[in-house]
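The structure under discussion appears below in the form of structure tokens.
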Amino acid sequence: MTEKLLQYLESHYAPQDYPVIRAQYNDFQGRRPFAGLRILEATPLFFNTIAKFLPLMAGGAEVTLSHIGGVPYDPAFIGWAEAQGIRIATNKEEGFDLVSDCIGLHSDLRPKYGFAELTHSGIGYYADCDKPCFNTDGSRIKRIEGALGTGDGLIRGLQAFGLGVEPSQRWLLFGFGKIGSGVGMRLRAAGVPVEVVEAVAVRGRLENTPEGDFPFVDMEDPDAVVAAVRRATHIVTATSVAGVIGRRYPVEPFLEGQVLVNIGAEDEYGPLFPEQSVLNRKVAVNFALEEPTHLRYIETTFALQNAGLEWILNHPEARGIVVPPEPMQESLLEIVRREGGIAGELRLIGL
């Protein structure tokens with residue numbers, strides 16, 4: 001099966017789109033670190049997810065793909081994967097050795113060895129975990145996906161809904177972390193004015209970016225936020241906090257004709273906002289695409305999470321949240337710098 005999956009990647013992507021995954025595939029195939037182990041893979045199911053679980057299979061793992069409610073997916077991929085004989089679980093299951101999780105969806109399971117979590121919004125579910133949880137988001141590498149890939153996905157997602165990005169628009173961005181900074185820089189590069197709602201403590205992030213300084217709005221000042229909301233023609237949330245907008249601010253000013261967009265992994269507007277009031281029914285707008293994040297921006301994150309699963313096997317004494325070791329990250333980044341099609345973009349995010 002692994003050969004067929006590899007052939008799919010080779011026929012749909014250029015080698016420079018996934019150099020780290022190719023290297024990891026070869027490495028795991030030779031060493032088989034997961035031989036005989038059952039791994040639950042919860043990455044959202046799109047065709048480029050093949051790159052995530054292929055090295056695990058090459059490394060000897062029996063991989064089950066998680067397909068349960070609340071996670072975006074491509075229906076065409078589900079049918080294709082089933083036709084290839086790949087096991088897909090539509091309900092919660094126990095009996096796994098390792099869980100490769102996303103948004104903390106499977107934090108209530110009891111794998112034999114531990115977890116690797118993909119997202120910032122999911123890691124909080126593991127705060128009191130008595131097993132190790134590899135925090136993929138707590139890495140420099142995640143900046144590639146968050147700052148470069150998601151910003152690109154926002155622009156492509158808007159285009160999927162027939163919306164362009166034009167200088168006449170006025171954007172308000174909530175959050176300026178990995179994802180938000182990438183969104184802000186992509187919008188600014190397109191010539192759009194962008195204001196940013198953030199905490200005073202991290203105001204410095206908005207200064208001296210590769211796209212210049214961003215106007216700051218204090219998230220703790222509701223009047224200032226509402227005024228900024230009313231100035232905006234477009235609003236995008238990138239806080240990684242579910243429901244934060246509806247909890248913190250009055251809903252009505254957001255519903256005065258602005259285009260509302262979410263780019264986070266969860267619904268950041270919350271239940272007080274009708275689904276139809278936010279583009280793509282409050283799901284991250286890039287998930288309306290066949291490829292929400294281009295493989296070239298996410299493959300290094302995939303490889304890091306896979307490497308984290310092996311790290312857990314080699315550190316049975318570990319407990320709680322595990323920060324990705326710097327040598328592990330650097331070894332993967334070296335491949336991107338040497339062979340990746342995005343090598344020239346890494347300077348924008350300090351890598």
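We label chains A, B, ... in the order they appear in the structure tokens, count residues from 1 in each chain, and number ligands from 1 in the order shown.
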
For Pro15 in chain A, list every protein, DNA or RNA residue within 12 Å, evaluated using only C-alpha atoms, and leave out those in the same chain fewer than 5 positions away; present the list as a JSON list (two decimals) with N, CA and C atoms, in the first residue's frame.
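Dumped to result.json:
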```
[["chain", "number", "residue", "atom", "x", "y", "z"],
["A", 6, "LEU", "N", 2.75, 6.54, -2.14],
["A", 6, "LEU", "CA", 3.89, 7.33, -2.59],
["A", 6, "LEU", "C", 3.72, 7.75, -4.05],
["A", 7, "GLN", "N", 3.22, 6.84, -4.85],
["A", 7, "GLN", "CA", 2.98, 7.16, -6.27],
["A", 7, "GLN", "C", 1.97, 8.30, -6.41],
["A", 9, "LEU", "N", 1.53, 10.83, -4.30],
["A", 9, "LEU", "CA", 2.24, 12.07, -4.03],
["A", 9, "LEU", "C", 3.13, 12.46, -5.20],
["A", 10, "GLU", "N", 3.85, 11.48, -5.74],
["A", 10, "GLU", "CA", 4.78, 11.77, -6.83],
["A", 10, "GLU", "C", 4.06, 12.26, -8.08],
["A", 20, "VAL", "N", 10.92, 17.08, 3.02],
["A", 20, "VAL", "CA", 11.09, 16.55, 4.38],
["A", 20, "VAL", "C", 10.34, 15.23, 4.52],
["A", 21, "ILE", "N", 9.15, 15.16, 3.98],
["A", 21, "ILE", "CA", 8.37, 13.92, 4.04],
["A", 21, "ILE", "C", 9.08, 12.82, 3.25],
["A", 22, "ARG", "N", 9.66, 13.14, 2.10],
["A", 22, "ARG", "CA", 10.39, 12.13, 1.32],
["A", 22, "ARG", "C", 11.56, 11.58, 2.13],
["A", 23, "ALA", "N", 12.28, 12.47, 2.80],
["A", 23, "ALA", "CA", 13.42, 12.04, 3.61],
["A", 23, "ALA", "C", 12.94, 11.18, 4.78],
["A", 295, "LEU", "N", 0.63, 21.69, 0.46],
["A", 295, "LEU", "CA", 1.52, 20.71, 1.06],
["A", 295, "LEU", "C", 2.89, 21.30, 1.36],
["A", 296, "ARG", "N", 3.38, 22.17, 0.51],
["A", 296, "ARG", "CA", 4.73, 22.70, 0.72],
["A", 296, "ARG", "C", 4.86, 23.50, 2.02],
["A", 299, "GLU", "N", 4.12, 20.28, 5.14],
["A", 299, "GLU", "CA", 4.81, 18.99, 5.21],
["A", 299, "GLU", "C", 5.83, 18.93, 6.34],
["A", 336, "VAL", "N", 14.45, 21.59, 4.39],
["A", 336, "VAL", "CA", 13.63, 22.59, 3.69],
["A", 336, "VAL", "C", 14.53, 23.66, 3.07],
["A", 339, "GLU", "N", 16.33, 21.91, 0.04],
["A", 339, "GLU", "CA", 15.59, 21.29, -1.06],
["A", 339, "GLU", "C", 14.19, 21.82, -1.27],
["A", 340, "GLY", "N", 13.67, 22.62, -0.36],
["A", 340, "GLY", "CA", 12.27, 23.03, -0.41],
["A", 340, "GLY", "C", 11.98, 24.16, -1.37],
["A", 341, "GLY", "N", 10.83, 24.11, -1.99],
["A", 341, "GLY", "CA", 10.40, 25.18, -2.88],
["A", 341, "GLY", "C", 10.09, 26.47, -2.15],
["A", 342, "ILE", "N", 9.93, 26.42, -0.83],
["A", 342, "ILE", "CA", 9.61, 27.62, -0.04],
["A", 342, "ILE", "C", 10.85, 28.17, 0.66]]
```

Checklist entry - Any idea what's packed within 10 Å of Tyr249 in chain A, counting only C-alpha atoms, ignoring anything in its chain fewer than 5 positions away? Could you give it as a list in words? => result Met219, Glu220, Asp221, Pro222, Asp223, Val225, Val226, Val244, Phe254 and Tyr269 of chain A

Using N, CA and C atoms, can you write the selected residues to a file as a tab-separated table (two decimals), in the first residue's frame?
```
chain	number	residue	atom	x	y	z
A	219	MET	N	-7.21	44.64	22.96
A	219	MET	CA	-8.29	43.67	23.08
A	219	MET	C	-9.08	43.84	24.37
A	220	GLU	N	-8.48	44.49	25.39
A	220	GLU	CA	-9.16	44.67	26.67
A	220	GLU	C	-10.00	45.95	26.71
A	221	ASP	N	-10.02	46.69	25.63
A	221	ASP	CA	-10.80	47.94	25.56
A	221	ASP	C	-11.99	47.73	24.62
A	222	PRO	N	-13.14	47.32	25.17
A	222	PRO	CA	-14.30	47.00	24.31
A	222	PRO	C	-14.73	48.16	23.42
A	223	ASP	N	-14.65	49.38	23.92
A	223	ASP	CA	-15.06	50.53	23.10
A	223	ASP	C	-14.15	50.69	21.90
A	225	VAL	N	-12.39	48.33	20.50
A	225	VAL	CA	-12.61	47.20	19.60
A	225	VAL	C	-13.88	47.42	18.77
A	226	VAL	N	-14.96	47.85	19.42
A	226	VAL	CA	-16.21	48.08	18.69
A	226	VAL	C	-16.03	49.17	17.64
A	244	VAL	N	-14.28	33.15	21.26
A	244	VAL	CA	-13.77	34.31	21.98
A	244	VAL	C	-14.50	35.61	21.62
A	254	PHE	N	-20.78	43.60	14.86
A	254	PHE	CA	-20.15	42.73	13.86
A	254	PHE	C	-21.10	42.39	12.72
A	269	TYR	N	-16.02	32.73	16.63
A	269	TYR	CA	-17.09	33.70	16.85
A	269	TYR	C	-18.04	33.24	17.95
```

Next on the checklist: Give me, as number ranges by chain, the residues of range 12-243 of chain A that a backbone DSSP run labels alpha helix (DSSP H).
Outcome noted: A: 12, 19-31, 50-58, 75-83, 120-123, 142-143, 150-160, 178-189, 222-231

Listing only residues of range 23-91 of chain A within 10 Å of range 310-324 of chain A, what is the closest atom pair and its distance in Å (to one decimal) for each, using only C-alpha atoms, sorted by chain and residue number ascending, as a tab-separated table?
```
residue	atom	partner	partner_atom	distance
A:Phe28	CA	A:Glu310	CA	9.9
A:Pro33	CA	A:Glu310	CA	7.0
A:Phe34	CA	A:Glu310	CA	7.6
A:Leu56	CA	A:Glu310	CA	9.7
```

Dump of C-alpha atoms for the selected residues, as an mmCIF file, in the first residue's frame:
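Wrote it out as again.cif, contents follow:
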```cif
data_model
loop_
_atom_site.group_PDB
_atom_site.id
_atom_site.type_symbol
_atom_site.label_atom_id
_atom_site.label_comp_id
_atom_site.auth_asym_id
_atom_site.auth_seq_id
_atom_site.Cartn_x
_atom_site.Cartn_y
_atom_site.Cartn_z
ATOM 1 C CA PHE A 28 11.328 5.266 8.603
ATOM 2 C CA PRO A 33 10.452 2.436 14.369
ATOM 3 C CA PHE A 34 6.686 1.787 14.554
ATOM 4 C CA LEU A 56 4.163 6.146 9.657
#
```

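The residue set within 10 Å of Leu105 in chain A, counting only C-alpha atoms and dropping same-chain residues fewer than 6 places from it, reads Ala42, Ser66, Ile68, Gly69, Gly70, Val71, Lys92, Glu117, Gly122 and Tyr125 of chain A.
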
Checklist entry - Which residues come within 8 Å of Val283 in chain A, counting only C-alpha atoms, excluding same-chain residues fewer than 5 positions away, as a count of residues only? => result 7

Checklist entry - Within 9 Å of Glu326 in chain A, counting only C-alpha atoms, which residues qualify if same-chain residues fewer than 3 places away don't, as a PyMOL selection string? => result chain A and resi 139-140+323+329-331

Per-residue nearest contacts range 206-264 of chain A to range 157-173 of chain A, cut-off 12 Å, using only C-alpha atoms, as CSV:
```
residue,atom,partner,partner_atom,distance
A:Leu206,CA,A:Leu173,CA,11.6
A:Phe214,CA,A:Leu173,CA,10.2
A:Pro215,CA,A:Leu172,CA,9.8
A:Phe216,CA,A:Leu173,CA,10.0
A:Val217,CA,A:Leu172,CA,9.4
A:Asp218,CA,A:Leu173,CA,11.9
A:Met219,CA,A:Leu173,CA,11.1
A:Val225,CA,A:Leu172,CA,9.5
A:Val226,CA,A:Leu172,CA,10.8
A:Ala227,CA,A:Leu172,CA,10.8
A:Ala228,CA,A:Leu172,CA,7.1
A:Val229,CA,A:Leu172,CA,6.8
A:Arg230,CA,A:Leu172,CA,9.6
A:Arg231,CA,A:Arg170,CA,7.3
A:Ala232,CA,A:Arg170,CA,4.9
A:Thr233,CA,A:Arg170,CA,5.1
A:His234,CA,A:Trp171,CA,4.8
A:Ile235,CA,A:Leu172,CA,4.8
A:Val236,CA,A:Leu173,CA,5.1
A:Thr237,CA,A:Leu173,CA,6.0
A:Ala238,CA,A:Leu173,CA,7.2
A:Thr239,CA,A:Leu173,CA,9.2
A:Ile245,CA,A:Leu173,CA,11.7
A:Phe254,CA,A:Leu172,CA,11.0
A:Gln258,CA,A:Trp171,CA,9.5
A:Val259,CA,A:Trp171,CA,9.4
A:Leu260,CA,A:Leu172,CA,9.7
A:Val261,CA,A:Leu158,CA,8.9
A:Asn262,CA,A:Leu173,CA,10.0
A:Ile263,CA,A:Gly157,CA,9.5
A:Gly264,CA,A:Leu173,CA,11.8
```

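The gap separating CA of Thr301 in chain A from CA of Arg188 in chain A is 25.2 Å, in Å to one decimal.
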
Checklist entry - Could you name the residues that touch Met185 in chain A at 9 Å or less, counting only C-alpha atoms, but leaving out those on the same chain fewer than 3 positions away, as a ChimeraX atom specification? => result /A:147-148,151,180-182,188-190,209-212
